[in-house]
Amino acid sequence: MYNYGLFTEKSIGVGLIGTGYAAKHRSQAIKQDERANLIAIAGHSPESITALAKSYETQVSNSWEELVEREDVDLIVISTINSDHGKIARAALNNNKHLVVEYPLSLNLKDAEELIALAKDKKRLLHVEHIELLSGWHQVLKENLPMLGQLFYVRYSTMKAEHPARRKWTYNHQLFGFPLMGALSRLHRLIDVFGQVVTVNCHQRYWEIEEEYYQGCLCTTQLCFADGLLAQVIYGKGETIWQSERKLEVSAENGGLILDGDKGIFIGSEDTRSIEIANRQGLFARDTKIVLDHIFHGSPLYVTAEQSLYTLKIADAARRAAETGLTIFLDQD
């Protein structure tokens, strides 16, 4: 729990940085909650900022630097490109703002550690969004694991075929970051359920179109957990992927669990049954409500910044493993 006290005003002024998918859902969630007042929006594209601000009847900020300094803004929500998260978060905290960041907190592990320490020093909220933990997939996973017995293998694959792959920030080495840092939720979902990781292996491949951008990538990582569970995480996207997939398979001594898109199957020694999975709609709204409940009433958050930092540590180990070809051994507390 953060020791910054409850917010005493009737509503909190919010500044939003970003204009993409997450920012649009954040804007809607903020406008629907009377405890939050969307003051202004900043971003990279003047046209996109103007359009989003008009849709949600709010102001346009000339820059994120200007927005984090506004006295009528109490909470900054960072929903922009990954490479900007760390520097915007630092500026927001130094201006005594509460903070919500779409994962990752930073693409630099040391920077992320310093930001968490800074938030504590400033007595400000630092919440890193991990809506995958609120999803129907995650709830089904946690509810059914106790019936499977001793687990020994997990395979988690998210592949996105895009033809063509547009030249955008999610296909830029610097702006998106190492795949499993930029797409941190792929690791965080498993770590939330299975706990500490002891070793990491990783291989990656890019199909380049120019120095900064690529048209496809494939990243495969193996995590060995403290209890001996082996997990394989596969992440790929772009023109070299021919079949999109969102699938998680769990193998255990007493059965298995398969989550494939919107379908779930439980395979037991005596029966096989389908599992209903709730859709993914409304997750940003739920996250926003939880944050506001926390700010106004002290209600618990569903994830801490320290937990996200641990997953970032594992993602950084995967990056080092991919670069060196070595197995990375992690210190255990």
# chains A, B, ... in the order shown; residues from 1 in each chain; ligands from 1
call {"tool": "select_by_dssp", "arguments": {"residues": "segment 113-182 of chain A", "states": "strand (DSSP E)", "output": "ChimeraX atom specification"}}
result
/A:126-129,151-161
call {"tool": "residues_around", "arguments": {"residues": "segment 67-83 of chain A", "least_positions_apart": "3", "cutoff": "8 Å", "atoms": "only C-alpha atoms", "output": "count of residues only"}}
result
43
call {"tool": "closest_residue", "arguments": {"among": "A:Arg155, A:Lys122, A:Lys31, A:His163", "to": "Glu249 of chain A", "atoms": "only C-alpha atoms"}}
result
A:Arg155
call {"tool": "residues_around", "arguments": {"residues": "Trp242 of chain A", "least_positions_apart": "2", "cutoff": "7 Å", "atoms": "only C-alpha atoms", "output": "PyMOL selection string"}}
result
chain A and resi 161+240+244
call {"tool": "write_last_selection", "arguments": {"atoms": "C-alpha atoms", "output": "short mmCIF file (atom, residue, chain, number, x, y, z; two decimals), in the first residue's frame"}}
result
data_model
loop_
_atom_site.label_atom_id
_atom_site.label_comp_id
_atom_site.auth_asym_id
_atom_site.auth_seq_id
_atom_site.Cartn_x
_atom_site.Cartn_y
_atom_site.Cartn_z
CA ALA A 161 -0.25 -12.04 -38.76
CA THR A 240 6.34 -13.43 -41.77
CA SER A 244 -2.64 -15.56 -35.91
#
call {"tool": "residues_around", "arguments": {"residues": "Cys219 of chain A", "least_positions_apart": "4", "cutoff": "12 Å", "atoms": "only C-alpha atoms", "output": "PDB file with C-alpha atoms, in the first residue's frame"}}
result
ATOM      1  CA  TYR A 156       1.873 -19.736 -24.308  1.00  0.00           C
ATOM      2  CA  SER A 157       1.754 -18.431 -27.877  1.00  0.00           C
ATOM      3  CA  THR A 158       0.573 -15.063 -29.168  1.00  0.00           C
ATOM      4  CA  MET A 159       1.131 -14.622 -32.891  1.00  0.00           C
ATOM      5  CA  PHE A 178      12.791  -5.870 -26.925  1.00  0.00           C
ATOM      6  CA  PRO A 179       9.627  -7.881 -27.771  1.00  0.00           C
ATOM      7  CA  LEU A 180       9.024  -9.363 -24.328  1.00  0.00           C
ATOM      8  CA  MET A 181       9.650  -6.015 -22.619  1.00  0.00           C
ATOM      9  CA  GLY A 182       7.307  -4.173 -24.959  1.00  0.00           C
ATOM     10  CA  ALA A 183       4.754  -6.996 -24.665  1.00  0.00           C
ATOM     11  CA  ARG A 186       3.072 -12.309 -22.019  1.00  0.00           C
ATOM     12  CA  ASN A 201      16.699 -18.921 -22.322  1.00  0.00           C
ATOM     13  CA  CYS A 202      15.670 -16.918 -25.376  1.00  0.00           C
ATOM     14  CA  HIS A 203      16.079 -16.700 -29.146  1.00  0.00           C
ATOM     15  CA  GLN A 204      14.802 -13.982 -31.456  1.00  0.00           C
ATOM     16  CA  ARG A 205      14.720 -13.150 -35.153  1.00  0.00           C
ATOM     17  CA  TYR A 206      13.736 -10.032 -37.079  1.00  0.00           C
ATOM     18  CA  TRP A 207      12.933  -9.509 -40.742  1.00  0.00           C
ATOM     19  CA  GLN A 232       7.658 -21.753 -23.308  1.00  0.00           C
ATOM     20  CA  VAL A 233       6.538 -18.275 -24.369  1.00  0.00           C
ATOM     21  CA  ILE A 234       6.247 -17.538 -28.092  1.00  0.00           C
ATOM     22  CA  TYR A 235       5.650 -14.023 -29.414  1.00  0.00           C
ATOM     23  CA  GLY A 236       5.541 -13.132 -33.082  1.00  0.00           C
ATOM     24  CA  LYS A 237       4.007 -10.526 -35.370  1.00  0.00           C
ATOM     25  CA  ILE A 241       3.543 -14.780 -39.529  1.00  0.00           C
ATOM     26  CA  ALA A 315      12.110  -9.801 -19.600  1.00  0.00           C
ATOM     27  CA  ALA A 318      15.385 -12.844 -21.781  1.00  0.00           C
ATOM     28  CA  ARG A 319      16.860  -9.947 -23.740  1.00  0.00           C
ATOM     29  CA  ALA A 321      19.865 -14.441 -23.198  1.00  0.00           C
ATOM     30  CA  ALA A 322      18.838 -13.633 -26.791  1.00  0.00           C
ATOM     31  CA  GLU A 323      21.850 -11.355 -27.283  1.00  0.00           C
TER      32      GLU A 323
END
call {"tool": "select_by_dssp", "arguments": {"residues": "segment 34-244 of chain A", "states": "alpha helix (DSSP H)", "output": "PyMOL selection string"}}
result
chain A and resi 46-55+64-68+85-94+109-122+136-144+173-176+179-182+185-194
